[in-house]
>>> print(open('run-v3.txt').read())   # compact mmCIF, C-alpha atoms and all ligand atoms
# COMPACT_ATOMS: atom_id res chain seq x y z
CA MET A 236 -14.02 47.80 -93.16
CA ARG A 237 -11.95 45.21 -91.33
CA PHE A 238 -11.50 47.75 -88.59
CA GLY A 239 -15.28 48.19 -88.37
CA VAL A 240 -15.87 44.45 -88.08
CA SER A 241 -13.15 44.00 -85.45
CA HIS A 242 -14.52 46.88 -83.47
CA VAL A 243 -17.99 45.33 -83.37
CA LEU A 244 -16.62 41.85 -82.60
CA ASP A 245 -14.79 43.36 -79.61
CA ALA A 246 -18.06 44.92 -78.46
CA ILE A 247 -19.80 41.55 -78.83
CA GLU A 248 -16.99 39.83 -76.95
CA ARG A 249 -17.70 41.95 -73.89
CA ARG A 250 -21.29 40.70 -73.92
CA ILE A 251 -20.78 36.94 -74.16
CA SER A 252 -20.18 34.83 -71.11
CA THR A 253 -20.49 31.29 -69.85
CA ASP A 254 -21.12 32.66 -66.37
CA PRO A 255 -24.85 32.13 -65.79
CA THR A 256 -25.00 35.14 -63.45
CA ALA A 257 -23.81 37.40 -66.27
CA ALA A 258 -26.02 35.94 -68.99
CA GLY A 259 -29.67 36.61 -69.80
CA GLY A 260 -30.23 33.94 -72.44
CA VAL A 261 -28.76 30.84 -74.06
CA VAL A 262 -28.12 30.37 -77.78
CA ASP A 263 -26.66 27.84 -80.17
CA LEU A 264 -24.08 29.94 -81.99
CA ALA A 265 -24.35 27.88 -85.20
CA GLU A 266 -28.07 28.63 -85.36
CA VAL A 267 -27.66 32.34 -84.64
CA VAL A 268 -24.99 32.99 -87.28
CA ARG A 269 -27.35 31.49 -89.89
CA LEU A 270 -30.43 33.60 -89.10
CA ALA A 271 -30.05 35.32 -92.47
CA ASP A 272 -33.53 36.85 -92.40
CA LEU A 273 -32.45 39.09 -89.52
CA ASP A 274 -30.43 41.22 -91.93
CA GLY A 275 -30.66 39.72 -95.40
CA GLY A 276 -26.90 39.23 -95.62
CA ARG A 277 -24.72 36.25 -96.47
CA PRO A 278 -25.70 32.74 -95.26
CA ALA A 279 -23.52 32.76 -92.14
CA HIS A 280 -22.37 35.89 -90.33
CA LEU A 281 -20.88 36.07 -86.85
CA LEU A 282 -22.15 39.61 -86.32
CA ARG A 283 -25.70 38.20 -86.10
CA LEU A 284 -24.82 37.25 -82.55
CA GLY A 285 -24.69 40.99 -81.83
CA LEU A 286 -28.17 41.45 -83.29
CA VAL A 287 -29.59 38.76 -81.02
CA ILE A 288 -27.78 40.20 -77.98
CA ASP A 289 -29.32 43.58 -78.83
CA ALA A 290 -32.77 41.97 -79.07
CA LEU A 291 -32.26 40.41 -75.64
CA ALA A 292 -31.07 43.72 -74.17
CA ARG A 293 -34.17 45.49 -75.49
CA HIS A 294 -36.42 42.70 -74.25
CA LEU A 295 -35.00 43.01 -70.74
CA SER A 296 -34.44 46.79 -70.92
CA ASP A 297 -30.92 45.97 -69.83
CA GLY A 298 -28.04 47.28 -71.89
CA ALA A 299 -25.39 45.22 -70.09
CA VAL A 300 -26.88 41.73 -70.18
CA ALA A 301 -24.65 39.04 -71.71
CA MET A 302 -25.37 35.93 -73.80
CA TYR A 303 -24.44 32.33 -73.03
CA ALA A 304 -23.42 30.92 -76.43
CA VAL A 305 -22.76 27.23 -77.08
CA ALA A 306 -21.17 25.98 -80.29
CA ASP A 307 -20.37 22.66 -81.89
CA ARG A 308 -16.69 22.21 -82.71
CA ALA A 309 -17.65 21.96 -86.38
CA LEU A 310 -18.52 25.67 -86.41
CA MET A 311 -14.81 26.50 -86.17
CA SER A 312 -14.32 24.91 -89.59
CA ASP A 313 -17.53 26.16 -91.22
CA THR A 314 -16.39 27.76 -94.47
CA ASP A 315 -19.55 29.87 -94.74
CA LEU A 316 -17.84 31.98 -92.07
CA THR A 317 -14.76 34.03 -92.92
CA ALA A 318 -11.34 32.87 -91.73
CA ASN A 319 -11.33 35.82 -89.35
CA GLU A 320 -14.71 34.85 -87.88
CA ARG A 321 -13.57 31.26 -87.34
CA MET A 322 -10.42 32.51 -85.65
CA VAL A 323 -12.45 34.78 -83.37
CA ILE A 324 -14.75 31.91 -82.33
CA ARG A 325 -11.70 29.80 -81.51
CA ARG A 326 -10.31 32.60 -79.36
CA TRP A 327 -13.66 33.10 -77.62
CA SER A 328 -13.72 29.38 -76.89
CA ASP A 329 -10.15 29.35 -75.52
CA ASP A 330 -11.04 32.29 -73.27
CA GLY A 331 -14.12 30.53 -71.91
CA LYS A 332 -16.48 33.13 -73.38
CA VAL A 333 -18.17 30.65 -75.69
CA GLU A 334 -18.70 27.02 -74.74
CA VAL A 335 -17.52 24.79 -77.58
CA VAL A 336 -18.74 21.27 -76.91
CA ARG A 337 -16.61 18.28 -77.83
CA ALA A 338 -17.25 16.31 -80.99
CA GLY A 339 -18.94 12.99 -80.32
CA GLY A 340 -20.86 14.22 -77.25
CA PRO A 341 -24.29 15.81 -77.10
CA ALA A 342 -24.63 18.49 -79.79
CA ALA A 343 -24.87 22.21 -79.00
CA ALA A 344 -28.55 22.11 -80.00
CA SER A 345 -29.28 19.82 -77.06
CA ARG A 346 -26.69 21.30 -74.70
CA ILE A 347 -28.48 24.69 -74.83
CA ARG A 348 -31.62 23.02 -73.46
CA GLU A 349 -29.59 21.57 -70.60
CA VAL A 350 -27.95 24.93 -69.87
CA ALA A 351 -31.35 26.67 -69.89
CA ALA A 352 -32.92 24.03 -67.65
CA LEU A 353 -30.12 24.06 -65.07
CA THR A 354 -29.65 27.84 -64.96
CA GLY A 355 -33.22 29.01 -65.52
CA LEU A 356 -32.06 31.30 -68.33
CA PRO A 357 -34.47 31.55 -71.26
CA LEU A 358 -33.68 29.52 -74.35
CA LEU A 359 -33.29 31.65 -77.50
CA THR A 360 -33.93 29.41 -80.49
CA ARG A 361 -36.36 28.82 -83.32
CA SER A 362 -36.39 25.08 -82.55
CA PRO A 363 -37.21 24.68 -78.87
CA GLY A 364 -38.27 21.07 -79.40
CA GLY A 365 -40.01 19.85 -76.29
CA TYR A 366 -38.19 22.22 -73.96
CA PRO A 367 -40.60 22.86 -71.06
CA GLY A 368 -39.26 26.25 -69.96
CA LEU A 369 -39.29 29.81 -71.20
CA SER A 370 -38.11 30.16 -74.78
CA TYR A 371 -38.04 32.87 -77.40
CA ALA A 372 -37.44 32.83 -81.13
CA PRO A 373 -35.20 35.59 -82.50
CA ALA A 374 -37.09 37.09 -85.45
CA PRO A 375 -37.08 40.18 -87.65
CA GLY A 376 -39.25 42.96 -86.30
CA PRO A 377 -40.39 46.40 -87.41
CA THR A 378 -37.53 48.16 -85.63
CA GLY A 379 -34.93 45.39 -85.68
CA PRO A 380 -34.56 41.81 -84.48
CA GLN A 381 -36.85 40.92 -81.61
CA LEU A 382 -37.67 37.95 -79.40
CA ILE A 383 -40.97 36.15 -79.95
CA PRO A 384 -42.24 34.14 -76.97
CA GLN A 385 -42.76 30.50 -77.94
CA LEU A 386 -43.31 28.55 -74.77
CA PRO A 387 -44.55 30.01 -71.55
CA GLY A 388 -42.36 28.42 -68.94
CA PRO A 389 -41.54 28.37 -66.14
CA GLY A 390 -39.32 25.36 -66.66
CA PRO A 391 -37.47 23.27 -64.12
CA ALA A 392 -36.60 24.89 -60.79
CA ALA A 393 -33.31 26.75 -61.08
CA PRO A 394 -30.53 27.26 -60.22
CA ALA A 395 -30.27 23.47 -60.06
CA SER A 396 -28.69 21.73 -57.11
CA VAL A 397 -25.59 20.91 -59.20
CA PHE A 398 -24.64 24.56 -58.64
CA SER A 399 -24.21 23.93 -54.91
CA ARG A 400 -20.78 22.37 -55.49
CA THR A 401 -17.57 23.69 -57.04
CA TRP A 402 -16.50 21.57 -60.00
CA ARG A 403 -13.06 21.20 -61.53
CA CYS A 404 -12.03 19.67 -64.82
CA PRO A 405 -9.01 17.33 -64.72
CA GLU A 406 -7.70 19.55 -67.56
CA ARG A 407 -6.21 22.27 -65.36
CA SER A 408 -6.46 25.00 -67.99
CA CYS A 409 -10.04 24.08 -69.02
CA PRO A 410 -11.76 27.34 -70.01
CA SER A 411 -14.97 26.24 -68.27
CA PHE A 412 -13.87 24.36 -65.16
CA GLY A 413 -10.14 25.08 -64.83
CA ALA A 414 -8.46 26.49 -61.75
CA PRO A 415 -8.53 30.32 -61.58
CA GLY A 416 -5.39 32.01 -62.85
CA THR A 417 -4.05 29.05 -64.83
CA ARG A 418 -4.74 30.72 -68.17
CA GLU A 419 -2.64 33.48 -69.67
CA PRO A 420 -4.58 36.59 -70.68
CA ASP A 421 -5.27 36.62 -74.41
CA PRO A 422 -2.92 39.07 -76.18
CA PHE A 423 -5.48 39.62 -78.95
CA GLY A 424 -8.52 40.21 -76.78
CA PRO A 425 -9.62 43.35 -74.96
CA PRO A 426 -7.54 43.83 -71.80
CA PRO A 427 -8.86 41.86 -68.81
CA THR A 428 -10.85 44.00 -66.39
CA GLU A 429 -10.02 42.14 -63.22
CA GLU A 430 -7.49 39.86 -61.59
CA PRO A 431 -8.03 36.11 -61.88
CA ARG A 432 -10.08 34.82 -58.97
CA GLU A 433 -12.66 32.18 -58.21
CA ALA A 434 -15.77 33.30 -60.07
CA VAL A 435 -19.04 33.78 -58.21
CA SER A 436 -20.66 31.30 -60.55
CA GLN A 437 -19.59 28.43 -62.79
CA PRO A 438 -21.07 27.17 -66.05
CA PRO A 439 -23.48 24.28 -65.58
CA PRO A 440 -21.80 20.89 -65.86
CA GLN A 441 -23.11 18.43 -68.41
CA LEU A 442 -25.00 15.69 -66.61
CA VAL A 443 -24.31 12.21 -67.96
CA GLY A 444 -26.44 9.71 -66.09
CA GLY A 445 -26.65 12.27 -63.30
CA VAL A 446 -22.84 12.59 -63.06
CA PRO A 447 -21.40 16.07 -63.75
CA HIS A 448 -19.09 16.06 -66.78
CA CYS A 449 -17.10 18.75 -68.57
CA PRO A 450 -19.00 19.69 -71.74
CA ARG A 451 -15.71 20.54 -73.46
CA HIS A 452 -13.65 17.50 -72.50
CA GLY A 453 -16.29 14.83 -71.86
CA VAL A 454 -14.69 13.73 -68.59
CA PRO A 455 -16.23 13.54 -65.11
CA LEU A 456 -15.65 16.67 -63.05
CA GLN A 457 -14.02 16.62 -59.63
CA ASP A 458 -16.00 17.84 -56.64
CA PHE A 459 -14.17 20.71 -54.91
CA GLY A 460 -16.67 21.24 -52.14
CA VAL A 461 -19.67 23.29 -51.19
CA ARG A 462 -20.50 26.46 -53.09
CA PRO A 463 -23.47 28.77 -52.52
CA ARG A 464 -25.91 28.96 -55.39
CA ALA A 465 -26.28 32.39 -57.01
CA VAL A 466 -28.84 34.34 -59.01
CA THR A 467 -28.68 37.81 -60.46
CA MET A 468 -31.28 40.46 -59.80
CA SER A 469 -31.75 43.77 -61.53
CA VAL A 470 -32.79 47.09 -60.03
CA ARG A 471 -34.96 49.00 -62.48
CA VAL A 472 -35.96 52.59 -61.99
CA LYS A 473 -38.61 53.84 -64.42
CA GLY A 474 -37.90 50.94 -66.72
CA VAL A 475 -34.15 51.38 -66.86
CA SER A 476 -31.95 48.65 -65.48
CA TRP A 477 -29.95 50.73 -63.03
CA HIS A 478 -27.90 48.08 -61.30
CA ARG A 479 -27.48 44.33 -61.45
CA PHE A 480 -26.33 42.39 -58.44
CA VAL A 481 -25.71 38.80 -57.50
CA VAL A 482 -27.50 37.24 -54.56
CA THR A 483 -26.00 34.03 -53.26
CA GLU A 484 -27.25 31.63 -50.62
CA ALA A 485 -24.40 32.93 -48.45
CA ASP A 486 -24.90 36.65 -49.07
CA PRO A 487 -28.33 38.27 -48.85
CA VAL A 488 -28.44 41.78 -50.32
CA VAL A 489 -30.22 44.87 -49.03
CA VAL A 490 -31.55 47.33 -51.61
CA GLY A 491 -32.56 50.84 -50.68
CA ARG A 492 -31.93 54.55 -50.97
CA ALA A 493 -28.64 54.32 -49.06
CA PRO A 494 -28.27 51.05 -47.16
CA GLU A 495 -25.79 50.95 -44.31
CA GLU A 496 -25.27 47.23 -44.76
CA GLU A 497 -22.01 46.16 -46.34
CA ASP A 498 -22.49 45.35 -50.04
CA GLY A 499 -25.95 46.93 -49.94
CA VAL A 500 -27.27 48.28 -53.23
CA GLY A 501 -27.91 52.02 -53.01
CA ILE A 502 -30.17 53.51 -55.64
CA GLY A 503 -30.50 57.06 -54.29
CA LEU A 504 -28.80 58.55 -57.34
CA ALA A 505 -31.40 56.99 -59.62
CA LEU A 506 -34.42 58.34 -57.75
CA ASP A 507 -36.33 61.57 -58.27
CA GLU A 508 -37.68 63.65 -55.39
CA GLN A 509 -40.77 61.48 -54.98
CA GLY A 510 -38.73 58.29 -55.10
CA LEU A 511 -36.35 59.61 -52.47
CA ARG A 512 -39.29 60.19 -50.14
CA TRP A 513 -40.78 56.77 -50.83
CA VAL A 514 -37.75 54.51 -50.71
CA SER A 515 -36.23 53.80 -47.30
CA ARG A 516 -32.48 53.77 -46.71
CA SER A 517 -32.71 49.97 -46.39
CA HIS A 518 -35.90 49.09 -48.20
CA VAL A 519 -35.96 45.43 -49.05
CA LEU A 520 -33.81 42.42 -48.23
CA VAL A 521 -33.31 39.89 -51.02
CA GLU A 522 -32.23 36.35 -50.15
CA LEU A 523 -31.71 33.14 -52.08
CA ARG A 524 -32.76 29.88 -50.46
CA GLY A 525 -32.08 26.94 -52.71
CA ASN A 526 -33.85 28.04 -55.86
CA THR A 527 -36.32 30.43 -54.23
CA VAL A 528 -35.72 34.15 -54.07
CA GLN A 529 -37.22 35.77 -51.01
CA ALA A 530 -37.90 39.44 -50.52
CA THR A 531 -38.39 40.85 -47.05
CA ASP A 532 -39.80 44.32 -46.63
CA THR A 533 -37.70 46.38 -44.23
CA SER A 534 -39.10 49.75 -45.29
CA THR A 535 -41.32 52.44 -43.84
CA ASN A 536 -43.65 52.69 -46.83
CA GLY A 537 -43.91 49.07 -47.89
CA THR A 538 -42.90 46.83 -50.79
CA SER A 539 -45.01 45.17 -53.47
CA ILE A 540 -44.17 42.34 -55.79
CA LEU A 541 -45.36 41.95 -59.37
CA VAL A 542 -46.83 38.54 -60.05
CA ARG A 543 -47.71 37.09 -63.44
CA SER A 544 -49.52 33.81 -63.62
CA GLY A 545 -49.18 33.11 -67.32
CA PRO A 546 -48.13 34.32 -70.73
CA GLY A 547 -49.85 37.46 -71.92
CA GLU A 548 -51.29 38.23 -68.52
CA PRO A 549 -50.62 41.65 -67.06
CA PRO A 550 -48.61 41.77 -63.87
CA ARG A 551 -50.59 41.87 -60.64
CA ARG A 552 -49.26 44.02 -57.81
CA VAL A 553 -49.22 42.18 -54.52
CA PRO A 554 -48.15 44.09 -51.40
CA LEU A 555 -45.99 42.09 -49.04
CA ASN A 556 -47.98 41.19 -45.95
CA ARG A 557 -47.82 44.04 -43.49
CA GLY A 558 -49.95 42.51 -40.80
CA GLY A 559 -47.07 42.16 -38.36
CA PRO A 560 -47.48 43.59 -34.88
CA ALA A 561 -44.27 45.55 -34.73
CA PRO A 562 -43.01 48.15 -37.15
CA GLY A 563 -39.93 46.98 -39.00
CA ARG A 564 -40.84 43.35 -38.64
CA ARG A 565 -39.44 41.26 -41.44
CA ARG A 566 -42.09 39.99 -43.79
CA PRO A 567 -40.85 37.23 -46.06
CA ALA A 568 -42.53 36.67 -49.37
CA ARG A 569 -41.74 34.78 -52.48
CA LEU A 570 -40.59 37.02 -55.27
CA ARG A 571 -41.59 36.35 -58.82
CA HIS A 572 -39.62 37.52 -61.76
CA GLY A 573 -41.21 39.93 -64.18
CA ARG A 574 -40.39 42.12 -67.10
CA SER A 575 -40.31 45.82 -66.57
CA PRO A 576 -43.71 47.36 -67.30
CA HIS A 577 -41.96 50.30 -68.98
CA PRO A 578 -39.61 48.89 -71.61
CA VAL A 579 -36.85 51.21 -72.65
CA HIS A 580 -34.36 50.90 -75.44
CA PRO A 581 -30.79 50.43 -74.34
CA PRO A 582 -28.06 51.54 -76.74
CA ARG A 583 -27.53 48.96 -79.43
CA LEU A 584 -24.36 46.98 -79.65
CA MET A 585 -24.65 46.93 -83.41
CA ALA A 586 -25.30 50.67 -83.78
CA SER A 587 -21.59 51.29 -84.18
CA TYR A 588 -21.39 49.18 -87.31
CA PRO A 589 -22.14 51.06 -90.52
CA ARG A 590 -25.29 49.95 -92.23
CA GLY A 591 -25.67 48.73 -95.76
CA ARG A 592 -22.23 47.20 -96.25
CA ALA A 593 -22.42 43.98 -98.19
CA GLY A 594 -26.05 43.67 -97.30
CA TRP A 595 -25.31 43.75 -93.63
CA LEU A 596 -28.15 45.31 -91.64
CA ARG A 597 -29.94 46.42 -94.78
CA PRO A 598 -33.55 46.23 -93.66
CA ARG A 599 -35.40 43.50 -95.45
CA TYR A 600 -38.08 42.45 -93.05
CA ARG A 601 -40.72 40.28 -94.56
CA HIS A 602 -43.15 40.19 -91.74
CA THR A 603 -43.94 41.77 -88.46
CA VAL A 604 -45.05 39.86 -85.44
CA ALA A 605 -46.80 40.94 -82.31
CA THR A 606 -45.33 40.21 -78.91
CA SER A 607 -47.49 39.18 -76.05
CA GLY A 608 -45.37 40.89 -73.45
CA TRP A 609 -44.80 37.73 -71.44
CA PRO A 610 -42.02 38.44 -69.03
CA GLY A 611 -38.45 37.84 -69.77
CA THR A 612 -36.50 36.33 -67.05
CA SER A 613 -35.41 38.91 -64.64
CA ARG A 614 -32.48 36.85 -63.80
CA PRO A 615 -30.30 39.35 -65.39
CA ALA A 616 -26.66 39.43 -64.76
CA LYS A 617 -23.74 40.23 -62.72
CA PRO A 618 -23.10 43.59 -61.14
CA GLY A 619 -20.99 46.18 -62.89
CA ARG A 620 -18.14 45.82 -60.49
ZN ZN B 1 -12.87 20.65 -69.22
>>> encode(input="run-v3.txt", output="structure tokens", more="lines below")
Ligand SMILES: [Zn+2]
Amino acid sequence: MRFGVSHVLDAIERRISTDPTAAGGVVDLAEVVRLADLDGGRPAHLLRLGLVIDALARHLSDGAVAMYAVADRALMSDTDLTANERMVIRRWSDDGKVEVVRAGGPAAASRIREVAALTGLPLLTRSPGGYPGLSYAPAPGPTGPQLIPQLPGPGPAAPASVFSRTWRCPERSCPSFGAPGTREPDPFGPPPTEEPREAVSQPPPQLVGGVPHCPRHGVPLQDFGVRPRAVTMSVRVKGVSWHRFVVTEADPVVVGRAPEEEDGVGIGLALDEQGLRWVSRSHVLVELRGNTVQATDTSTNGTSILVRSGPGEPPRRVPLNRGGPAPGRRRPARLRHGRSPHPVHPPRLMASYPRGRAGWLRPRYRHTVATSGWPGTSRPAKPGR
């Protein structure tokens, strides 16, 4: 049984990140572990994080999206969790996978609003308070935990301008704002997949009177110079998230059947015969300017964008303007994010854990709720490098 739990915690660990370009939602870990109605188990259970990650993955039809989890320091001494669970949270914090905020500063429940506002990621909570952006409540559903839209968004413009600088914590080995390569790999965690390097994105600083601070150490951060802002886009083919890629202000990305451009995203392998005829080798250019994503049609057959003007409204297909005089002319347009019109069901993180043990995952759903289909963010996550 211990082996089963460890196995699932390892799987969860690969899907938590404080890198906003990897994450698809923000949670307060203390709230999530206590959502007992999701499974009817004991009062606090760390594996509930996996259930909420699965709900997010289904919502976005993206089986690789990660979660940005924030926790109060008190959670690491919460005796409703097992000693093993508390130890795992401590390790996740030391590795920078979960953001544990210092005692005496703003609580995790308010920090998640700040993270959501600065990154543009949706807030996943049952208590959104007055948060003005997109938020969802994790809730039991007929086929498992699901996300119920609560507030329509869109919130503040994101990514916020604070992301245009590189920030460093005076604590050199800070898991959030330390220098790359100063931390030893964790001997108890899954083996690291890549060499230490400057990440494409950083966690959002905590703004205290407008001054960026480290949320872990409560000290002002040092400005290490200009850094391009970054967002993550997702290529979906027939509802399946085929590839996620980061677009920065410095690096526009071309998507197409087989782009010749360096770092272009080729989707030829995902297309059927009709798709191969329709999609050009270099079909669309995606750029980030400040906090606006621009799409420029570079194709033979044209590009449309899906626009939603409010919660519950179906997406409207708007072709990019093709009135230009010359073929191949670049036609900029503002791209709106939207949920895939054909949701699919990615493999569940929690499927590997046996059901029915100690009440865990035993279905006990008291109510079912309808979803309105309001888009998730399509600011999905970093590419599977
Ligand atoms: Zn720090």
>>> residues_near_ligand(input="run-v3.txt", ligand="ligand ZN 1 (chain B)", cutoff="9 Å", atoms="only C-alpha atoms and all ligand atoms", output="short mmCIF file (atom, residue, chain, number, x, y, z; two decimals) with C-alpha atoms, in the frame of the given file")
data_model
loop_
_atom_site.label_atom_id
_atom_site.label_comp_id
_atom_site.auth_asym_id
_atom_site.auth_seq_id
_atom_site.Cartn_x
_atom_site.Cartn_y
_atom_site.Cartn_z
CA ARG A 403 -13.06 21.20 -61.53
CA CYS A 404 -12.03 19.67 -64.82
CA PRO A 405 -9.01 17.33 -64.72
CA GLU A 406 -7.70 19.55 -67.56
CA ARG A 407 -6.21 22.27 -65.36
CA SER A 408 -6.46 25.00 -67.99
CA CYS A 409 -10.04 24.08 -69.02
CA PRO A 410 -11.76 27.34 -70.01
CA SER A 411 -14.97 26.24 -68.27
CA PHE A 412 -13.87 24.36 -65.16
CA GLY A 413 -10.14 25.08 -64.83
CA HIS A 448 -19.09 16.06 -66.78
CA CYS A 449 -17.10 18.75 -68.57
CA PRO A 450 -19.00 19.69 -71.74
CA ARG A 451 -15.71 20.54 -73.46
CA HIS A 452 -13.65 17.50 -72.50
CA GLY A 453 -16.29 14.83 -71.86
CA VAL A 454 -14.69 13.73 -68.59
CA PRO A 455 -16.23 13.54 -65.11
CA LEU A 456 -15.65 16.67 -63.05
#
>>> closest_residue(input="run-v3.txt", among="A:Glu548, A:Glu495, A:Glu522, A:Asp289", to="Leu382 (chain A)", atoms="all atoms listed in the file")
A:Asp289
>>> residues_around(input="run-v3.txt", residues="Leu310 (chain A)", least_positions_apart="2", cutoff="10 Å", atoms="all atoms listed in the file", output="list in words")
Leu264, Ala265, Val268, Ala306, Asp307, Arg308, Ser312, Asp313, Thr314, Asp315, Leu316, Arg321, Ile324, Arg325 and Val335 of chain A
>>> atom_distance(input="run-v3.txt", atom1="CA of Asp297 (chain A)", atom2="CA of Asp329 (chain A)")
27.2 Å
>>> closest_atom_pairs(input="run-v3.txt", of="region 287-311 of chain A", to="region 353-375 of chain A", cutoff="12 Å", atoms="only C-alpha atoms", output="Markdown table")
| residue | atom | partner | partner_atom | distance |
| --- | --- | --- | --- | --- |
| A:Val287 | CA | A:Pro373 | CA | 6.6 |
| A:Ile288 | CA | A:Pro373 | CA | 9.8 |
| A:Asp289 | CA | A:Pro373 | CA | 10.6 |
| A:Ala290 | CA | A:Pro373 | CA | 7.6 |
| A:Leu291 | CA | A:Pro373 | CA | 8.9 |
| A:His294 | CA | A:Tyr371 | CA | 10.4 |
| A:Leu295 | CA | A:Pro357 | CA | 11.5 |
| A:Val300 | CA | A:Leu356 | CA | 11.8 |
| A:Ala301 | CA | A:Leu356 | CA | 11.2 |
| A:Met302 | CA | A:Leu359 | CA | 9.7 |
| A:Tyr303 | CA | A:Leu356 | CA | 9.0 |
| A:Ala304 | CA | A:Leu359 | CA | 10.0 |
| A:Val305 | CA | A:Leu359 | CA | 11.4 |
>>> closest_residue(input="run-v3.txt", among="A:Val333, A:Leu273, A:Leu286, A:Val519", to="Ile251 (chain A)", atoms="only C-alpha atoms")
A:Val333
>>> closest_residue(input="run-v3.txt", among="A:His518, A:Arg471, A:Arg479, A:Arg277", to="Gly491 (chain A)", atoms="all atoms listed in the file")
A:His518
